[in-house]
Amino acid sequence: MARSYPFAEPGRLEIDPELTATPPLTRVKFPYGKETWLVTGHPEARAVLSDPRFVRTTADPLDEPRMGEHNNSPGILSLDAPQHTRLRKLVTSVFTVRRVQALRPRAVEIVDSLLDDLTPPADLVEGLARPFPMLMITTLLGVPQEDHEEFGMWADSFLSTGAVPASVAAEHYTAICDYLAALGHRRAEAPTDDLFGALVRCLNAGELTVDELVMVSFSILVGGLETVKTQLPNMVYLLLTGPSLLEELRADLSRLPAAVEEMLRYIPLPTTAVFARFATEDVPVGDVVIARGEPVLVEVPVTNRDPRVFADADSLDFARDPNPHLAFGHGAHYCLGAQLARLELQVALERLLTRMPALRLAVPEQELGWNRGYMVRGVTALPVTW
């Protein structure tokens, strides 16, 4: 029989031991939608995420296993080939590694400016983690500064699993789509040289529709904001509560990129599995056959602790190599903003460790609050001093 999912309320940065004890594939029932296969094994997850026989579309959208009453609206993640392939090719042609790396000086400038404004004790969530990725992503998209706060509110609503009423989240989703469409029309008449301007040139050339421009921009916006906004405080929390790890990095900042990858693997950021894929035919995965029409979801945090792939998987090892974690997904839907997120996390941590060598928590660890009712987990505030 299918078990009710989730098994327990997510807590801090801990993985539910019942999840880690499940077989690589198990049957579960979400609050909404049909029963589904839940993948907790790493090889099995890679197989599902890279197999074109698993698609995002379904004949009945209400079949999708999900936490909320309304269906997920994940932008480009909702598409399959050939539309997804065409759009992704367009985006990657303008959202290049070179364009991302060219943002490094701007990232350093933003972080240093935000740190300049802090006086101890300070909350790193409000003082750094929330404004930094917003300023970076709005630089990419060319969103006017006066709209930043509203943008952040809309993005938070998208990731709600109960903290924001479903009706309000739906209104915010409509508002952000309308905003991006209007911005696209304005840029068509007054071109710019940012990422959004490059996408608008594709629109003008007939390579994108307005709806596709909105979908792609929304995906970049949410992906570029939420990963860093939540993961940066999580990573700082791990370092400040693990003094040996902190000293290890301070002694050799060249290890920071590998440390970021290991913390991406270790931190169970998603509170639930999301974005089901449906089998277009009977597909064997591991010891199970996923029948045609059945959905399957990947429990990413548990796959990243699979002992068959990661030695001593429940420990942080900044020298782990290789580190094939699935924090940014795998296959055709691998996160478009992964390189930007990596850049932002590395820059923020490097500047923090360099400029605040005495950085430490300003309150006892047990007094920290943790998010509830969102798709991602993290501290609500991170008071620090130095």
# chains A, B, ... in the order shown; residues from 1 in each chain; ligands from 1
call {"tool": "residues_around", "arguments": {"residues": "A:Arg27", "least_positions_apart": "4", "cutoff": "8 Å", "atoms": "only C-alpha atoms", "output": "list in words"}}
result
Met1, Ala2, Arg3, Glu35, Thr36, Trp37 and Leu38 of chain A
call {"tool": "write_last_selection", "arguments": {"atoms": "N, CA, C and O atoms", "output": "short mmCIF file (atom, residue, chain, number, x, y, z; two decimals), in the first residue's frame"}}
result
data_model
loop_
_atom_site.label_atom_id
_atom_site.label_comp_id
_atom_site.auth_asym_id
_atom_site.auth_seq_id
_atom_site.Cartn_x
_atom_site.Cartn_y
_atom_site.Cartn_z
N MET A 1 0.83 -1.20 0.00
CA MET A 1 0.00 0.00 0.00
C MET A 1 0.87 1.25 0.00
O MET A 1 1.96 1.27 0.57
N ALA A 2 0.37 2.30 -0.66
CA ALA A 2 1.10 3.55 -0.71
C ALA A 2 1.06 4.25 0.64
O ALA A 2 0.01 4.33 1.28
N ARG A 3 2.20 4.78 1.07
CA ARG A 3 2.27 5.52 2.32
C ARG A 3 1.93 6.97 2.08
O ARG A 3 2.20 7.54 1.01
N GLU A 35 -1.51 8.38 -6.84
CA GLU A 35 -0.36 7.72 -6.21
C GLU A 35 0.85 7.79 -7.15
O GLU A 35 0.70 7.87 -8.37
N THR A 36 2.02 7.77 -6.55
CA THR A 36 3.24 7.93 -7.35
C THR A 36 4.36 7.05 -6.84
O THR A 36 4.35 6.60 -5.68
N TRP A 37 5.33 6.82 -7.70
CA TRP A 37 6.59 6.22 -7.27
C TRP A 37 7.50 7.34 -6.76
O TRP A 37 7.64 8.38 -7.41
N LEU A 38 8.12 7.12 -5.60
CA LEU A 38 9.09 8.06 -5.05
C LEU A 38 10.47 7.44 -5.16
O LEU A 38 10.69 6.32 -4.68
#
call {"tool": "residues_around", "arguments": {"residues": "stretch 219-234 of chain A", "least_positions_apart": "3", "cutoff": "6 Å", "atoms": "only C-alpha atoms", "output": "VMD selection string"}}
result
chain A and resid 75 129 to 130 133 to 134 155 216 237 337 378
call {"tool": "write_last_selection", "arguments": {"atoms": "C-alpha atoms", "output": "compact mmCIF listing (two decimals), in the first residue's frame"}}
result
# COMPACT_ATOMS: atom_id res chain seq x y z
CA GLY A 75 7.77 27.53 -16.24
CA ALA A 129 21.12 36.50 1.65
CA ARG A 130 17.84 38.11 0.60
CA PRO A 133 20.62 37.23 -5.28
CA MET A 134 17.78 39.67 -5.94
CA ALA A 155 8.88 34.52 -5.78
CA VAL A 216 11.80 31.29 -19.49
CA TYR A 237 24.99 28.02 9.60
CA GLY A 337 20.90 28.91 -13.25
CA GLY A 378 16.31 27.21 5.95
call {"tool": "residues_around", "arguments": {"residues": "A:Glu64", "least_positions_apart": "6", "cutoff": "12 Å", "atoms": "only C-alpha atoms", "output": "PyMOL selection string"}}
result
chain A and resi 29-37+55-58+70-73+78+273-278+293-297
call {"tool": "write_last_selection", "arguments": {"atoms": "N, CA, C and O atoms", "output": "tab-separated table (two decimals), in the first residue's frame"}}
result
chain	number	residue	atom	x	y	z
A	29	LYS	N	1.55	8.46	-1.46
A	29	LYS	CA	0.38	9.24	-1.83
A	29	LYS	C	0.54	10.65	-1.30
A	29	LYS	O	0.66	10.86	-0.09
A	30	PHE	N	0.61	11.63	-2.22
A	30	PHE	CA	0.68	13.03	-1.84
A	30	PHE	C	-0.70	13.53	-1.42
A	30	PHE	O	-1.71	12.87	-1.69
A	31	PRO	N	-0.78	14.70	-0.78
A	31	PRO	CA	-2.10	15.23	-0.40
A	31	PRO	C	-3.04	15.41	-1.59
A	31	PRO	O	-4.25	15.28	-1.45
A	32	TYR	N	-2.47	15.68	-2.79
A	32	TYR	CA	-3.29	15.86	-3.98
A	32	TYR	C	-2.68	15.06	-5.14
A	32	TYR	O	-1.47	14.84	-5.19
A	33	GLY	N	-3.54	14.64	-6.08
A	33	GLY	CA	-3.06	13.89	-7.23
A	33	GLY	C	-3.04	12.40	-6.99
A	33	GLY	O	-3.41	11.91	-5.92
A	34	LYS	N	-2.61	11.66	-7.99
A	34	LYS	CA	-2.64	10.21	-7.92
A	34	LYS	C	-1.43	9.65	-7.18
A	34	LYS	O	-0.45	10.37	-6.93
A	35	GLU	N	-1.51	8.38	-6.84
A	35	GLU	CA	-0.36	7.72	-6.21
A	35	GLU	C	0.85	7.79	-7.15
A	35	GLU	O	0.70	7.87	-8.37
A	36	THR	N	2.02	7.77	-6.55
A	36	THR	CA	3.24	7.93	-7.35
A	36	THR	C	4.36	7.05	-6.84
A	36	THR	O	4.35	6.60	-5.68
A	37	TRP	N	5.33	6.82	-7.70
A	37	TRP	CA	6.59	6.22	-7.27
A	37	TRP	C	7.50	7.34	-6.76
A	37	TRP	O	7.64	8.38	-7.41
A	55	VAL	N	8.09	11.99	-19.06
A	55	VAL	CA	7.77	13.35	-19.52
A	55	VAL	C	7.03	14.10	-18.43
A	55	VAL	O	6.45	13.52	-17.51
A	56	ARG	N	7.06	15.44	-18.56
A	56	ARG	CA	6.38	16.28	-17.57
A	56	ARG	C	4.89	16.41	-17.84
A	56	ARG	O	4.10	16.63	-16.93
A	57	THR	N	4.47	16.32	-19.09
A	57	THR	CA	3.07	16.52	-19.43
A	57	THR	C	2.25	15.28	-19.14
A	57	THR	O	2.75	14.16	-19.16
A	58	THR	N	0.97	15.48	-18.87
A	58	THR	CA	0.06	14.38	-18.60
A	58	THR	C	-1.31	14.74	-19.17
A	58	THR	O	-1.64	15.93	-19.30
A	70	HIS	N	-3.56	23.57	-6.00
A	70	HIS	CA	-3.32	23.99	-7.37
A	70	HIS	C	-2.09	23.29	-7.94
A	70	HIS	O	-1.13	22.99	-7.23
A	71	ASN	N	-2.12	23.06	-9.24
A	71	ASN	CA	-1.02	22.40	-9.90
A	71	ASN	C	0.21	23.29	-9.91
A	71	ASN	O	0.11	24.51	-9.89
A	72	ASN	N	1.39	22.67	-9.93
A	72	ASN	CA	2.62	23.45	-10.00
A	72	ASN	C	2.71	24.16	-11.35
A	72	ASN	O	2.28	23.63	-12.37
A	73	SER	N	3.28	25.37	-11.35
A	73	SER	CA	3.49	26.13	-12.58
A	73	SER	C	4.96	26.49	-12.70
A	73	SER	O	5.36	27.63	-12.46
A	78	SER	N	7.89	22.68	-17.03
A	78	SER	CA	6.64	22.02	-17.37
A	78	SER	C	6.62	21.47	-18.79
A	78	SER	O	5.66	20.82	-19.19
A	273	ALA	N	9.48	16.34	-2.56
A	273	ALA	CA	9.75	16.10	-3.98
A	273	ALA	C	8.73	16.88	-4.81
A	273	ALA	O	7.57	17.02	-4.42
A	274	VAL	N	9.16	17.41	-5.95
A	274	VAL	CA	8.27	18.21	-6.81
A	274	VAL	C	8.50	17.87	-8.27
A	274	VAL	O	9.53	17.30	-8.64
A	275	PHE	N	7.53	18.24	-9.09
A	275	PHE	CA	7.60	18.14	-10.55
A	275	PHE	C	7.66	16.68	-11.02
A	275	PHE	O	8.70	16.18	-11.44
A	276	ALA	N	6.52	16.02	-10.94
A	276	ALA	CA	6.43	14.62	-11.35
A	276	ALA	C	6.69	14.45	-12.84
A	276	ALA	O	6.40	15.33	-13.65
A	277	ARG	N	7.23	13.29	-13.18
A	277	ARG	CA	7.36	12.86	-14.56
A	277	ARG	C	6.49	11.62	-14.76
A	277	ARG	O	6.37	10.81	-13.84
A	278	PHE	N	5.94	11.50	-15.97
A	278	PHE	CA	5.02	10.41	-16.26
A	278	PHE	C	5.64	9.49	-17.32
A	278	PHE	O	6.21	9.96	-18.31
A	293	GLY	N	1.93	5.69	-17.98
A	293	GLY	CA	0.98	6.61	-17.38
A	293	GLY	C	1.22	6.88	-15.91
A	293	GLY	O	0.61	7.80	-15.34
A	294	GLU	N	2.09	6.10	-15.26
A	294	GLU	CA	2.34	6.31	-13.83
A	294	GLU	C	3.33	7.46	-13.61
A	294	GLU	O	4.29	7.61	-14.36
A	295	PRO	N	3.11	8.26	-12.57
A	295	PRO	CA	4.06	9.33	-12.24
A	295	PRO	C	5.20	8.83	-11.37
A	295	PRO	O	5.08	7.80	-10.69
A	296	VAL	N	6.29	9.57	-11.39
A	296	VAL	CA	7.43	9.27	-10.55
A	296	VAL	C	8.05	10.59	-10.11
A	296	VAL	O	8.11	11.54	-10.89
A	297	LEU	N	8.45	10.67	-8.84
A	297	LEU	CA	9.08	11.87	-8.29
A	297	LEU	C	10.40	11.49	-7.64
A	297	LEU	O	10.54	10.39	-7.10
call {"tool": "residues_around", "arguments": {"residues": "A:Val200", "least_positions_apart": "4", "cutoff": "9 Å", "atoms": "only C-alpha atoms", "output": "short mmCIF file (atom, residue, chain, number, x, y, z; two decimals) with all heavy atoms, in the first residue's frame"}}
result
data_model
loop_
_atom_site.label_atom_id
_atom_site.label_comp_id
_atom_site.auth_asym_id
_atom_site.auth_seq_id
_atom_site.Cartn_x
_atom_site.Cartn_y
_atom_site.Cartn_z
N GLY A 184 8.80 42.84 -21.35
CA GLY A 184 9.24 42.40 -22.67
C GLY A 184 8.80 43.35 -23.77
O GLY A 184 9.58 43.65 -24.69
N HIS A 185 7.56 43.82 -23.68
CA HIS A 185 7.07 44.77 -24.69
C HIS A 185 7.86 46.08 -24.64
O HIS A 185 8.18 46.67 -25.69
CB HIS A 185 5.58 45.05 -24.46
CG HIS A 185 4.69 43.91 -24.85
ND1 HIS A 185 4.68 43.38 -26.12
CD2 HIS A 185 3.77 43.20 -24.13
CE1 HIS A 185 3.79 42.39 -26.18
NE2 HIS A 185 3.24 42.25 -24.99
N ARG A 187 10.97 46.45 -23.62
CA ARG A 187 12.33 46.20 -24.11
C ARG A 187 12.36 45.99 -25.63
O ARG A 187 13.38 46.22 -26.27
CB ARG A 187 12.92 44.99 -23.41
CG ARG A 187 13.16 45.23 -21.95
CD ARG A 187 14.19 46.37 -21.75
NE ARG A 187 14.31 46.68 -20.35
CZ ARG A 187 14.97 45.92 -19.48
NH1 ARG A 187 15.53 44.80 -19.89
NH2 ARG A 187 15.02 46.26 -18.21
N ALA A 188 11.26 45.53 -26.19
CA ALA A 188 11.20 45.37 -27.64
C ALA A 188 11.35 46.72 -28.33
O ALA A 188 11.89 46.83 -29.43
CB ALA A 188 9.89 44.70 -28.06
N PRO A 191 15.74 48.40 -26.65
CA PRO A 191 16.61 47.24 -26.37
C PRO A 191 17.67 47.54 -25.31
O PRO A 191 18.13 48.67 -25.16
CB PRO A 191 17.26 46.94 -27.72
CG PRO A 191 16.34 47.56 -28.73
CD PRO A 191 15.79 48.78 -28.06
N THR A 192 18.05 46.49 -24.57
CA THR A 192 19.12 46.58 -23.58
C THR A 192 20.10 45.44 -23.82
O THR A 192 19.82 44.50 -24.58
CB THR A 192 18.55 46.48 -22.15
OG1 THR A 192 17.79 45.26 -22.03
CG2 THR A 192 17.66 47.66 -21.83
N LEU A 195 20.67 40.05 -20.02
CA LEU A 195 20.13 38.76 -20.44
C LEU A 195 18.72 38.89 -20.98
O LEU A 195 18.37 38.31 -22.02
CB LEU A 195 20.15 37.78 -19.27
CG LEU A 195 19.45 36.43 -19.52
CD1 LEU A 195 20.16 35.63 -20.59
CD2 LEU A 195 19.35 35.63 -18.23
N PHE A 196 17.89 39.65 -20.29
CA PHE A 196 16.51 39.82 -20.73
C PHE A 196 16.47 40.50 -22.10
O PHE A 196 15.67 40.14 -22.96
CB PHE A 196 15.73 40.65 -19.71
CG PHE A 196 14.24 40.59 -19.90
CD1 PHE A 196 13.51 39.47 -19.53
CD2 PHE A 196 13.56 41.67 -20.45
CE1 PHE A 196 12.15 39.41 -19.70
CE2 PHE A 196 12.18 41.63 -20.62
CZ PHE A 196 11.48 40.49 -20.25
N ASN A 204 11.93 39.38 -30.89
CA ASN A 204 11.80 40.22 -32.07
C ASN A 204 12.11 39.45 -33.35
O ASN A 204 11.58 39.76 -34.42
CB ASN A 204 12.71 41.44 -31.97
CG ASN A 204 12.23 42.44 -30.91
OD1 ASN A 204 11.08 42.39 -30.49
ND2 ASN A 204 13.11 43.32 -30.47
N ALA A 205 13.00 38.45 -33.23
CA ALA A 205 13.39 37.66 -34.40
C ALA A 205 12.40 36.54 -34.70
O ALA A 205 12.60 35.78 -35.65
CB ALA A 205 14.79 37.09 -34.20
N LEU A 208 10.97 33.37 -30.25
CA LEU A 208 10.24 33.20 -28.99
C LEU A 208 8.89 33.89 -29.10
O LEU A 208 8.78 34.93 -29.75
CB LEU A 208 11.00 33.85 -27.83
CG LEU A 208 12.15 33.14 -27.14
CD1 LEU A 208 12.75 34.06 -26.08
CD2 LEU A 208 11.69 31.85 -26.49
N VAL A 210 5.73 35.69 -26.75
CA VAL A 210 5.68 36.42 -25.49
C VAL A 210 5.48 35.46 -24.33
O VAL A 210 6.14 35.58 -23.28
CB VAL A 210 4.56 37.49 -25.51
CG1 VAL A 210 4.38 38.11 -24.12
CG2 VAL A 210 4.86 38.57 -26.52
N LEU A 213 8.74 33.78 -23.62
CA LEU A 213 9.66 34.72 -22.97
C LEU A 213 9.35 34.82 -21.48
O LEU A 213 10.25 34.79 -20.63
CB LEU A 213 9.52 36.10 -23.61
CG LEU A 213 10.29 37.25 -22.93
CD1 LEU A 213 11.79 37.08 -23.12
CD2 LEU A 213 9.85 38.61 -23.48
#
call {"tool": "select_by_dssp", "arguments": {"residues": "stretch 113-332 of chain A", "states": "strand (DSSP E)", "output": "list in words"}}
result
Ala122, Asp123, Arg277, Phe278, Ala279, Val283, Pro284, Val285, Val288, Val289, Ile290, Pro295, Val296, Leu297 and Val298 of chain A
call {"tool": "write_last_selection", "arguments": {"atoms": "C-alpha atoms", "output": "short mmCIF file (atom, residue, chain, number, x, y, z; two decimals), in the first residue's frame"}}
result
data_model
loop_
_atom_site.label_atom_id
_atom_site.label_comp_id
_atom_site.auth_asym_id
_atom_site.auth_seq_id
_atom_site.Cartn_x
_atom_site.Cartn_y
_atom_site.Cartn_z
CA ALA A 122 23.27 41.61 12.19
CA ASP A 123 20.88 39.21 10.50
CA ARG A 277 7.36 12.86 -14.56
CA PHE A 278 5.02 10.41 -16.26
CA ALA A 279 6.06 7.20 -18.04
CA VAL A 283 9.98 1.46 -18.08
CA PRO A 284 12.15 -0.72 -15.82
CA VAL A 285 13.98 1.31 -13.17
CA VAL A 288 10.70 -1.90 -10.41
CA VAL A 289 8.74 -1.41 -13.64
CA ILE A 290 7.07 1.98 -13.88
CA PRO A 295 4.06 9.33 -12.24
CA VAL A 296 7.43 9.27 -10.55
CA LEU A 297 9.08 11.87 -8.29
CA VAL A 298 12.69 12.17 -7.14
#
call {"tool": "select_by_dssp", "arguments": {"residues": "stretch 98-311 of chain A", "states": "alpha helix (DSSP H)", "output": "MDAnalysis selection string"}}
result
chainID A and resid 98:101 104:116 124 131:141 148:158 166:189 195:204 210:240 243:251 256:266 300:303
